[in-house]
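Colleague: So I've got this file, query_31.cif, and it contains mmCIF, N, CA and C atoms:
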data_final
#
loop_
_atom_site.label_atom_id
_atom_site.label_comp_id
_atom_site.auth_asym_id
_atom_site.auth_seq_id
_atom_site.Cartn_x
_atom_site.Cartn_y
_atom_site.Cartn_z
N MET A 6 96.32 128.99 93.27
CA MET A 6 96.07 127.55 93.40
C MET A 6 94.73 127.25 92.75
N LYS A 7 94.70 126.18 91.97
CA LYS A 7 93.47 125.81 91.28
C LYS A 7 93.16 124.32 91.49
N PRO A 8 92.59 123.96 92.66
CA PRO A 8 92.23 122.56 92.86
C PRO A 8 91.05 122.16 91.98
N THR A 9 91.05 120.91 91.56
CA THR A 9 89.94 120.40 90.75
C THR A 9 88.87 119.75 91.62
N HIS A 10 89.30 119.16 92.75
CA HIS A 10 88.36 118.54 93.68
C HIS A 10 89.12 118.13 94.94
N ILE A 11 88.37 117.73 95.96
CA ILE A 11 89.00 117.15 97.15
C ILE A 11 89.37 115.73 96.78
N GLU A 12 90.67 115.43 96.81
CA GLU A 12 91.14 114.09 96.46
C GLU A 12 90.88 113.13 97.61
N HIS A 13 91.28 113.54 98.81
CA HIS A 13 91.02 112.71 99.98
C HIS A 13 91.15 113.51 101.26
N ILE A 14 90.65 112.91 102.33
CA ILE A 14 90.81 113.43 103.68
C ILE A 14 91.63 112.39 104.43
N GLY A 15 92.76 112.82 104.99
CA GLY A 15 93.65 111.92 105.71
C GLY A 15 93.34 111.89 107.19
N ILE A 16 93.20 110.69 107.73
CA ILE A 16 92.88 110.52 109.14
C ILE A 16 93.93 109.62 109.78
N ALA A 17 94.59 110.13 110.81
CA ALA A 17 95.61 109.36 111.53
C ALA A 17 94.93 108.40 112.49
N VAL A 18 95.36 107.14 112.46
CA VAL A 18 94.80 106.11 113.34
C VAL A 18 95.94 105.32 113.99
N SER A 19 95.68 104.81 115.18
CA SER A 19 96.68 104.01 115.88
C SER A 19 96.73 102.58 115.36
N ASN A 20 95.58 102.04 114.96
CA ASN A 20 95.51 100.66 114.52
C ASN A 20 94.67 100.61 113.23
N LEU A 21 95.34 100.34 112.13
CA LEU A 21 94.69 100.36 110.82
C LEU A 21 93.57 99.33 110.72
N GLU A 22 93.80 98.11 111.18
CA GLU A 22 92.78 97.06 111.06
C GLU A 22 91.52 97.41 111.85
N ASN A 23 91.70 97.94 113.06
CA ASN A 23 90.53 98.33 113.86
C ASN A 23 89.76 99.47 113.19
N ALA A 24 90.49 100.43 112.65
CA ALA A 24 89.84 101.57 112.00
C ALA A 24 89.12 101.12 110.72
N ILE A 25 89.74 100.23 109.95
CA ILE A 25 89.09 99.70 108.74
C ILE A 25 87.78 99.03 109.13
N SER A 26 87.83 98.19 110.15
CA SER A 26 86.64 97.48 110.61
C SER A 26 85.54 98.45 111.00
N MET A 27 85.89 99.53 111.71
CA MET A 27 84.89 100.51 112.11
C MET A 27 84.25 101.17 110.90
N TYR A 28 85.05 101.60 109.92
CA TYR A 28 84.50 102.27 108.73
C TYR A 28 83.63 101.31 107.91
N GLU A 29 84.02 100.04 107.89
CA GLU A 29 83.21 99.07 107.14
C GLU A 29 81.93 98.73 107.89
N ASN A 30 82.02 98.47 109.19
CA ASN A 30 80.86 98.03 109.96
C ASN A 30 79.90 99.15 110.33
N VAL A 31 80.40 100.32 110.64
CA VAL A 31 79.54 101.42 111.06
C VAL A 31 78.98 102.18 109.86
N PHE A 32 79.84 102.45 108.87
CA PHE A 32 79.42 103.29 107.75
C PHE A 32 79.09 102.49 106.49
N GLY A 33 79.36 101.19 106.51
CA GLY A 33 79.06 100.36 105.35
C GLY A 33 79.98 100.60 104.17
N LEU A 34 81.15 101.18 104.42
CA LEU A 34 82.11 101.44 103.36
C LEU A 34 82.97 100.21 103.12
N LYS A 35 83.63 100.15 101.99
CA LYS A 35 84.51 99.03 101.65
C LYS A 35 85.92 99.55 101.42
N CYS A 36 86.86 99.03 102.18
CA CYS A 36 88.27 99.36 101.97
C CYS A 36 88.68 98.73 100.64
N TYR A 37 89.14 99.55 99.71
CA TYR A 37 89.51 99.01 98.40
C TYR A 37 91.01 98.86 98.21
N LYS A 38 91.81 99.40 99.14
CA LYS A 38 93.26 99.27 98.97
C LYS A 38 93.97 99.56 100.28
N ILE A 39 94.98 98.73 100.57
CA ILE A 39 95.91 98.98 101.68
C ILE A 39 97.30 99.04 101.05
N GLU A 40 98.05 100.06 101.45
CA GLU A 40 99.36 100.26 100.82
C GLU A 40 100.34 100.82 101.86
N GLU A 41 101.58 100.39 101.79
CA GLU A 41 102.63 100.97 102.63
C GLU A 41 103.44 101.95 101.80
N VAL A 42 103.67 103.12 102.37
CA VAL A 42 104.54 104.12 101.74
C VAL A 42 105.75 104.22 102.67
N ALA A 43 106.77 103.43 102.34
CA ALA A 43 107.91 103.25 103.24
C ALA A 43 108.64 104.55 103.56
N ASP A 44 108.86 105.40 102.57
CA ASP A 44 109.62 106.63 102.84
C ASP A 44 108.85 107.61 103.73
N GLN A 45 107.54 107.45 103.84
CA GLN A 45 106.75 108.29 104.75
C GLN A 45 106.44 107.56 106.06
N LYS A 46 106.92 106.32 106.18
CA LYS A 46 106.76 105.53 107.39
C LYS A 46 105.29 105.38 107.78
N VAL A 47 104.48 104.97 106.78
CA VAL A 47 103.04 104.90 106.98
C VAL A 47 102.43 103.77 106.17
N ARG A 48 101.37 103.18 106.73
CA ARG A 48 100.48 102.27 105.98
C ARG A 48 99.17 103.01 105.80
N THR A 49 98.61 102.87 104.62
CA THR A 49 97.37 103.58 104.31
C THR A 49 96.28 102.60 103.92
N ALA A 50 95.05 103.01 104.17
CA ALA A 50 93.88 102.26 103.70
C ALA A 50 92.92 103.27 103.11
N PHE A 51 92.29 102.90 101.98
CA PHE A 51 91.43 103.84 101.26
C PHE A 51 89.99 103.36 101.16
N PHE A 52 89.09 104.34 101.29
CA PHE A 52 87.65 104.15 101.08
C PHE A 52 87.21 105.23 100.10
N LEU A 53 86.26 104.91 99.24
CA LEU A 53 85.75 105.89 98.29
C LEU A 53 84.30 106.23 98.65
N ILE A 54 84.02 107.54 98.76
CA ILE A 54 82.68 108.04 99.00
C ILE A 54 82.41 109.06 97.90
N GLY A 55 81.59 108.70 96.94
CA GLY A 55 81.39 109.59 95.79
C GLY A 55 82.72 109.75 95.06
N GLN A 56 83.15 110.99 94.88
CA GLN A 56 84.42 111.26 94.21
C GLN A 56 85.56 111.46 95.20
N THR A 57 85.24 111.47 96.49
CA THR A 57 86.23 111.76 97.53
C THR A 57 86.63 110.48 98.25
N LYS A 58 87.90 110.42 98.62
CA LYS A 58 88.42 109.26 99.35
C LYS A 58 88.68 109.63 100.81
N ILE A 59 88.57 108.64 101.66
CA ILE A 59 89.05 108.71 103.03
C ILE A 59 90.33 107.89 103.04
N GLU A 60 91.41 108.47 103.54
CA GLU A 60 92.68 107.76 103.67
C GLU A 60 93.00 107.62 105.15
N LEU A 61 93.02 106.38 105.62
CA LEU A 61 93.44 106.12 107.00
C LEU A 61 94.95 105.95 106.99
N LEU A 62 95.61 106.53 107.96
CA LEU A 62 97.07 106.52 108.03
C LEU A 62 97.53 105.93 109.35
N GLU A 63 98.29 104.85 109.28
CA GLU A 63 98.87 104.21 110.48
C GLU A 63 100.38 104.30 110.38
N SER A 64 101.02 104.77 111.42
CA SER A 64 102.47 104.90 111.42
C SER A 64 103.13 103.53 111.48
N THR A 65 104.21 103.37 110.72
CA THR A 65 105.02 102.16 110.81
C THR A 65 106.27 102.40 111.66
N ASP A 66 106.41 103.64 112.16
CA ASP A 66 107.57 104.03 112.97
C ASP A 66 107.12 105.17 113.88
N PRO A 67 107.29 105.02 115.20
CA PRO A 67 106.85 106.08 116.10
C PRO A 67 107.53 107.43 115.83
N GLU A 68 108.68 107.41 115.16
CA GLU A 68 109.39 108.64 114.83
C GLU A 68 108.97 109.22 113.47
N GLY A 69 108.09 108.53 112.77
CA GLY A 69 107.58 109.03 111.50
C GLY A 69 106.56 110.13 111.73
N PRO A 70 106.17 110.84 110.67
CA PRO A 70 105.25 111.97 110.84
C PRO A 70 103.91 111.60 111.46
N ILE A 71 103.34 110.46 111.11
CA ILE A 71 102.04 110.07 111.69
C ILE A 71 102.23 109.63 113.13
N GLY A 72 103.31 108.91 113.42
CA GLY A 72 103.60 108.52 114.79
C GLY A 72 103.74 109.72 115.71
N LYS A 73 104.46 110.74 115.24
CA LYS A 73 104.64 111.96 116.04
C LYS A 73 103.32 112.72 116.18
N PHE A 74 102.54 112.74 115.10
CA PHE A 74 101.24 113.42 115.14
C PHE A 74 100.34 112.78 116.19
N ILE A 75 100.24 111.46 116.18
CA ILE A 75 99.36 110.75 117.13
C ILE A 75 99.87 110.94 118.56
N GLU A 76 101.19 110.90 118.75
CA GLU A 76 101.73 111.11 120.10
C GLU A 76 101.38 112.50 120.62
N LYS A 77 101.43 113.50 119.76
CA LYS A 77 101.19 114.88 120.17
C LYS A 77 99.70 115.24 120.24
N LYS A 78 98.91 114.79 119.25
CA LYS A 78 97.52 115.23 119.14
C LYS A 78 96.49 114.11 119.27
N GLY A 79 96.93 112.86 119.20
CA GLY A 79 96.00 111.74 119.22
C GLY A 79 95.47 111.44 117.83
N GLU A 80 94.62 110.44 117.75
CA GLU A 80 94.03 110.08 116.46
C GLU A 80 93.11 111.19 115.98
N GLY A 81 92.93 111.26 114.67
CA GLY A 81 91.99 112.23 114.13
C GLY A 81 92.42 112.76 112.78
N MET A 82 91.71 113.79 112.34
CA MET A 82 92.00 114.35 111.03
C MET A 82 93.43 114.86 110.98
N HIS A 83 94.13 114.44 109.94
CA HIS A 83 95.52 114.82 109.76
C HIS A 83 95.68 115.86 108.67
N HIS A 84 95.02 115.66 107.52
CA HIS A 84 95.16 116.60 106.41
C HIS A 84 94.00 116.49 105.44
N ILE A 85 93.89 117.50 104.60
CA ILE A 85 92.96 117.47 103.47
C ILE A 85 93.80 117.60 102.21
N ALA A 86 93.47 116.78 101.22
CA ALA A 86 94.25 116.76 99.98
C ALA A 86 93.41 117.28 98.83
N PHE A 87 93.96 118.24 98.11
CA PHE A 87 93.32 118.78 96.93
C PHE A 87 94.01 118.24 95.68
N ALA A 88 93.21 117.79 94.73
CA ALA A 88 93.75 117.37 93.43
C ALA A 88 94.03 118.62 92.61
N VAL A 89 95.17 118.63 91.96
CA VAL A 89 95.55 119.72 91.05
C VAL A 89 96.08 119.08 89.77
N ASP A 90 96.15 119.87 88.71
CA ASP A 90 96.64 119.33 87.45
C ASP A 90 98.14 119.06 87.46
N ASN A 91 98.91 119.91 88.17
CA ASN A 91 100.36 119.76 88.19
C ASN A 91 100.89 120.26 89.53
N VAL A 92 101.36 119.34 90.36
CA VAL A 92 101.83 119.70 91.71
C VAL A 92 102.99 120.68 91.64
N GLU A 93 103.94 120.43 90.77
CA GLU A 93 105.13 121.29 90.70
C GLU A 93 104.76 122.74 90.37
N GLU A 94 103.87 122.93 89.41
CA GLU A 94 103.43 124.29 89.06
C GLU A 94 102.69 124.94 90.22
N GLN A 95 101.86 124.17 90.92
CA GLN A 95 101.08 124.72 92.03
C GLN A 95 101.97 125.08 93.22
N LEU A 96 103.07 124.34 93.41
CA LEU A 96 104.02 124.69 94.48
C LEU A 96 104.67 126.04 94.19
N ILE A 97 105.05 126.26 92.94
CA ILE A 97 105.65 127.54 92.55
C ILE A 97 104.65 128.67 92.79
N GLU A 98 103.41 128.47 92.37
CA GLU A 98 102.36 129.48 92.55
C GLU A 98 102.11 129.74 94.04
N ALA A 99 102.04 128.67 94.83
CA ALA A 99 101.78 128.82 96.27
C ALA A 99 102.90 129.61 96.94
N GLU A 100 104.13 129.28 96.61
CA GLU A 100 105.27 129.99 97.21
C GLU A 100 105.27 131.46 96.82
N LYS A 101 104.96 131.76 95.57
CA LYS A 101 104.87 133.15 95.12
C LYS A 101 103.77 133.90 95.87
N SER A 102 102.74 133.18 96.31
CA SER A 102 101.64 133.79 97.06
C SER A 102 101.95 133.93 98.54
N GLY A 103 103.14 133.52 98.96
CA GLY A 103 103.53 133.65 100.35
C GLY A 103 103.21 132.45 101.22
N ILE A 104 102.82 131.34 100.61
CA ILE A 104 102.52 130.12 101.37
C ILE A 104 103.84 129.42 101.71
N ARG A 105 103.97 129.04 102.97
CA ARG A 105 105.14 128.28 103.42
C ARG A 105 104.98 126.83 102.98
N LEU A 106 106.02 126.30 102.34
CA LEU A 106 105.98 124.93 101.82
C LEU A 106 106.68 123.98 102.78
N ILE A 107 106.12 122.80 102.92
CA ILE A 107 106.83 121.71 103.60
C ILE A 107 107.69 121.00 102.56
N ASP A 108 107.12 120.78 101.38
CA ASP A 108 107.84 120.14 100.27
C ASP A 108 108.05 121.16 99.17
N SER A 109 109.30 121.37 98.79
CA SER A 109 109.57 122.30 97.69
C SER A 109 109.47 121.61 96.33
N LYS A 110 109.49 120.29 96.35
CA LYS A 110 109.33 119.50 95.13
C LYS A 110 108.37 118.36 95.41
N PRO A 111 107.65 117.89 94.40
CA PRO A 111 106.74 116.75 94.60
C PRO A 111 107.51 115.49 94.97
N ARG A 112 106.83 114.63 95.72
CA ARG A 112 107.38 113.30 96.03
C ARG A 112 106.29 112.28 95.75
N LYS A 113 106.67 111.02 95.80
CA LYS A 113 105.71 109.94 95.53
C LYS A 113 104.87 109.67 96.76
N GLY A 114 103.56 109.58 96.53
CA GLY A 114 102.64 109.25 97.60
C GLY A 114 101.91 107.95 97.28
N ALA A 115 100.95 107.62 98.11
CA ALA A 115 100.14 106.42 97.90
C ALA A 115 99.38 106.55 96.58
N GLU A 116 99.01 105.43 96.03
CA GLU A 116 98.26 105.31 94.79
C GLU A 116 98.97 105.93 93.59
N GLY A 117 100.30 106.05 93.68
CA GLY A 117 101.08 106.56 92.56
C GLY A 117 100.97 108.05 92.32
N LEU A 118 100.42 108.78 93.28
CA LEU A 118 100.26 110.22 93.11
C LEU A 118 101.55 110.97 93.38
N ASP A 119 101.74 112.10 92.69
CA ASP A 119 102.76 113.07 93.07
C ASP A 119 102.12 113.93 94.14
N ILE A 120 102.81 114.13 95.26
CA ILE A 120 102.23 114.88 96.38
C ILE A 120 103.21 115.91 96.91
N ALA A 121 102.68 116.90 97.60
CA ALA A 121 103.47 117.88 98.33
C ALA A 121 102.56 118.49 99.40
N PHE A 122 103.18 118.93 100.49
CA PHE A 122 102.42 119.49 101.59
C PHE A 122 102.73 120.97 101.77
N LEU A 123 101.69 121.71 102.14
CA LEU A 123 101.78 123.12 102.48
C LEU A 123 101.70 123.25 103.99
N HIS A 124 102.50 124.13 104.56
CA HIS A 124 102.60 124.23 106.02
C HIS A 124 101.32 124.82 106.62
N PRO A 125 100.81 124.19 107.68
CA PRO A 125 99.57 124.68 108.30
C PRO A 125 99.67 126.09 108.86
N LYS A 126 100.87 126.57 109.16
CA LYS A 126 101.00 127.94 109.65
C LYS A 126 100.66 128.96 108.57
N SER A 127 100.65 128.51 107.31
CA SER A 127 100.30 129.39 106.20
C SER A 127 98.90 129.12 105.65
N THR A 128 98.24 128.10 106.17
CA THR A 128 96.94 127.68 105.60
C THR A 128 95.87 127.57 106.69
N ALA A 129 95.81 128.58 107.53
CA ALA A 129 94.78 128.67 108.57
C ALA A 129 94.74 127.46 109.49
N GLY A 130 95.92 126.89 109.77
CA GLY A 130 96.02 125.80 110.73
C GLY A 130 95.71 124.42 110.20
N VAL A 131 95.48 124.30 108.89
CA VAL A 131 95.15 122.99 108.30
C VAL A 131 96.33 122.53 107.43
N LEU A 132 96.78 121.29 107.67
CA LEU A 132 97.80 120.71 106.81
C LEU A 132 97.14 120.40 105.47
N ILE A 133 97.66 121.00 104.40
CA ILE A 133 97.11 120.81 103.06
C ILE A 133 98.09 120.01 102.23
N GLU A 134 97.56 118.97 101.59
CA GLU A 134 98.34 118.20 100.62
C GLU A 134 97.78 118.54 99.24
N ILE A 135 98.68 118.75 98.29
CA ILE A 135 98.24 118.88 96.90
C ILE A 135 98.78 117.67 96.17
N CYS A 136 98.01 117.14 95.23
CA CYS A 136 98.41 115.91 94.58
C CYS A 136 97.89 115.86 93.14
N SER A 137 98.62 115.09 92.33
CA SER A 137 98.19 114.89 90.94
C SER A 137 98.74 113.58 90.42
N HIS A 138 98.06 113.06 89.41
CA HIS A 138 98.58 111.92 88.67
C HIS A 138 99.56 112.44 87.64
N LYS A 139 100.57 111.66 87.34
CA LYS A 139 101.53 112.08 86.30
C LYS A 139 100.85 112.16 84.98
#
In C-alpha cells, what does this structure look like?
Modeller:
Amino acid sequence: MKPTHIEHIGIAVSNLENAISMYENVFGLKCYKIEEVADQKVRTAFFLIGQTKIELLESTDPEGPIGKFIEKKGEGMHHIAFAVDNVEEQLIEAEKSGIRLIDSKPRKGAEGLDIAFLHPKSTAGVLIEICSHK
C-alpha cells in the first residue's frame, strides 16, 4: 500500500447541523460542503485543515452503516482515509498482503472520490478507507 497523504478523518455524529456548529464555533473552521451519499445512507459535511479534511457523517437511515455504528459505539471517530493513486490497484495489493477487504471493488464516495474500505480486523482495529480521484 502506498498512501500519498491522509485524505480525511471520518467522524460519526448524531446531528450534522449541531456538529457543524461546534466545529465552526469552537475551532473556527468553515464547513465548505454538505453532501448526501444515498447509497451509503449518509449525509456528510467537510472541513479543511491544511491538506487534511474532517468529514462529519450523519446517518440518513438507522439501518445504514453510520446509524448502526452510532447505535453500537456512539458518536466519534469512524475511519481514517488514505489517498492513493489507484484504489483498484491498492485493493489487489492489500488482498495479496492478507488484508481482509470490505469492498472488493471501488465505489463512489463523497466529493466524487473512488473509495473502498479495509476491514478493521486486518488493520489493527481501525476502519481504513482508501480513496482516489479518477
Colleague: Please return, as an NGL selection string, all residues of chain A that DSSP assigns to strand (DSSP E or B) on the basis of the backbone.
Modeller: :A and (10-18 or 38-42 or 47-54 or 57-64 or 81-88 or 106 or 112-113 or 119-123 or 133-137)
Colleague: Enter the distance from CA of Ile14 in chain A to atom C of Thr49 in chain A, in Å, rounded to one decimal.
Modeller: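 It comes out at 12.1 Å.
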Colleague: Apply the PyMOL selection byres (((chain A and resi 8 and name CA) around 6) and name CA) to the structure shown and report the selected residues as an MDAnalysis selection string.
Modeller: chainID A and resid 7 9:10 87:89
Colleague: Written as a VMD selection string, which residues does the PyMOL selection byres ((chain A and resi 40) around 7) give for the file shown?
Modeller: chain A and resid 38 to 39 41 to 43 47 to 51 115
Colleague: With the file shown as input, list the residues that the PyMOL selection byres ((chain A and resi 19) around 8) selects, as a PDB file with N, CA and C atoms, in the frame of the given file.
Modeller:
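Result file follows (out.pdb):
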ATOM      1  N   ILE A  16      93.200 110.690 107.730  1.00  0.00           N
ATOM      2  CA  ILE A  16      92.880 110.520 109.140  1.00  0.00           C
ATOM      3  C   ILE A  16      93.930 109.620 109.780  1.00  0.00           C
ATOM      4  N   ALA A  17      94.590 110.130 110.810  1.00  0.00           N
ATOM      5  CA  ALA A  17      95.610 109.360 111.530  1.00  0.00           C
ATOM      6  C   ALA A  17      94.930 108.400 112.490  1.00  0.00           C
ATOM      7  N   VAL A  18      95.360 107.140 112.460  1.00  0.00           N
ATOM      8  CA  VAL A  18      94.800 106.110 113.340  1.00  0.00           C
ATOM      9  C   VAL A  18      95.940 105.320 113.990  1.00  0.00           C
ATOM     10  N   ASN A  20      95.580 102.040 114.960  1.00  0.00           N
ATOM     11  CA  ASN A  20      95.510 100.660 114.520  1.00  0.00           C
ATOM     12  C   ASN A  20      94.670 100.610 113.230  1.00  0.00           C
ATOM     13  N   LEU A  21      95.340 100.340 112.130  1.00  0.00           N
ATOM     14  CA  LEU A  21      94.690 100.360 110.820  1.00  0.00           C
ATOM     15  C   LEU A  21      93.570  99.330 110.720  1.00  0.00           C
ATOM     16  N   GLU A  22      93.800  98.110 111.180  1.00  0.00           N
ATOM     17  CA  GLU A  22      92.780  97.060 111.060  1.00  0.00           C
ATOM     18  C   GLU A  22      91.520  97.410 111.850  1.00  0.00           C
ATOM     19  N   ASN A  23      91.700  97.940 113.060  1.00  0.00           N
ATOM     20  CA  ASN A  23      90.530  98.330 113.860  1.00  0.00           C
ATOM     21  C   ASN A  23      89.760  99.470 113.190  1.00  0.00           C
ATOM     22  N   ALA A  24      90.490 100.430 112.650  1.00  0.00           N
ATOM     23  CA  ALA A  24      89.840 101.570 112.000  1.00  0.00           C
ATOM     24  C   ALA A  24      89.120 101.120 110.720  1.00  0.00           C
ATOM     25  N   LEU A  62      95.610 106.530 107.960  1.00  0.00           N
ATOM     26  CA  LEU A  62      97.070 106.520 108.030  1.00  0.00           C
ATOM     27  C   LEU A  62      97.530 105.930 109.350  1.00  0.00           C
ATOM     28  N   GLU A  63      98.290 104.850 109.280  1.00  0.00           N
ATOM     29  CA  GLU A  63      98.870 104.210 110.480  1.00  0.00           C
ATOM     30  C   GLU A  63     100.380 104.300 110.380  1.00  0.00           C
ATOM     31  N   SER A  64     101.020 104.770 111.420  1.00  0.00           N
ATOM     32  CA  SER A  64     102.470 104.900 111.420  1.00  0.00           C
ATOM     33  C   SER A  64     103.130 103.530 111.480  1.00  0.00           C
ATOM     34  N   ILE A  75     100.240 111.460 116.180  1.00  0.00           N
ATOM     35  CA  ILE A  75      99.360 110.750 117.130  1.00  0.00           C
ATOM     36  C   ILE A  75      99.870 110.940 118.560  1.00  0.00           C
ATOM     37  N   GLY A  79      96.930 112.860 119.200  1.00  0.00           N
ATOM     38  CA  GLY A  79      96.000 111.740 119.220  1.00  0.00           C
ATOM     39  C   GLY A  79      95.470 111.440 117.830  1.00  0.00           C
ATOM     40  N   GLU A  80      94.620 110.440 117.750  1.00  0.00           N
ATOM     41  CA  GLU A  80      94.030 110.080 116.460  1.00  0.00           C
ATOM     42  C   GLU A  80      93.110 111.190 115.980  1.00  0.00           C
ATOM     43  N   GLY A  81      92.930 111.260 114.670  1.00  0.00           N
ATOM     44  CA  GLY A  81      91.990 112.230 114.130  1.00  0.00           C
ATOM     45  C   GLY A  81      92.420 112.760 112.780  1.00  0.00           C
TER      46      GLY A  81
END
Colleague: Give the alpha helix (DSSP H) residues of chain A, as DSSP finds them on the backbone, and put them as a ChimeraX atom specification.
Modeller: /A:21-32,70-78,92-101
Colleague: Using Å and a single decimal, report how far CA of Phe122 in chain A sits from atom N of Leu96 in chain A.
Modeller: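 CA of Phe122 in chain A lies 9.5 Å from atom N of Leu96 in chain A.
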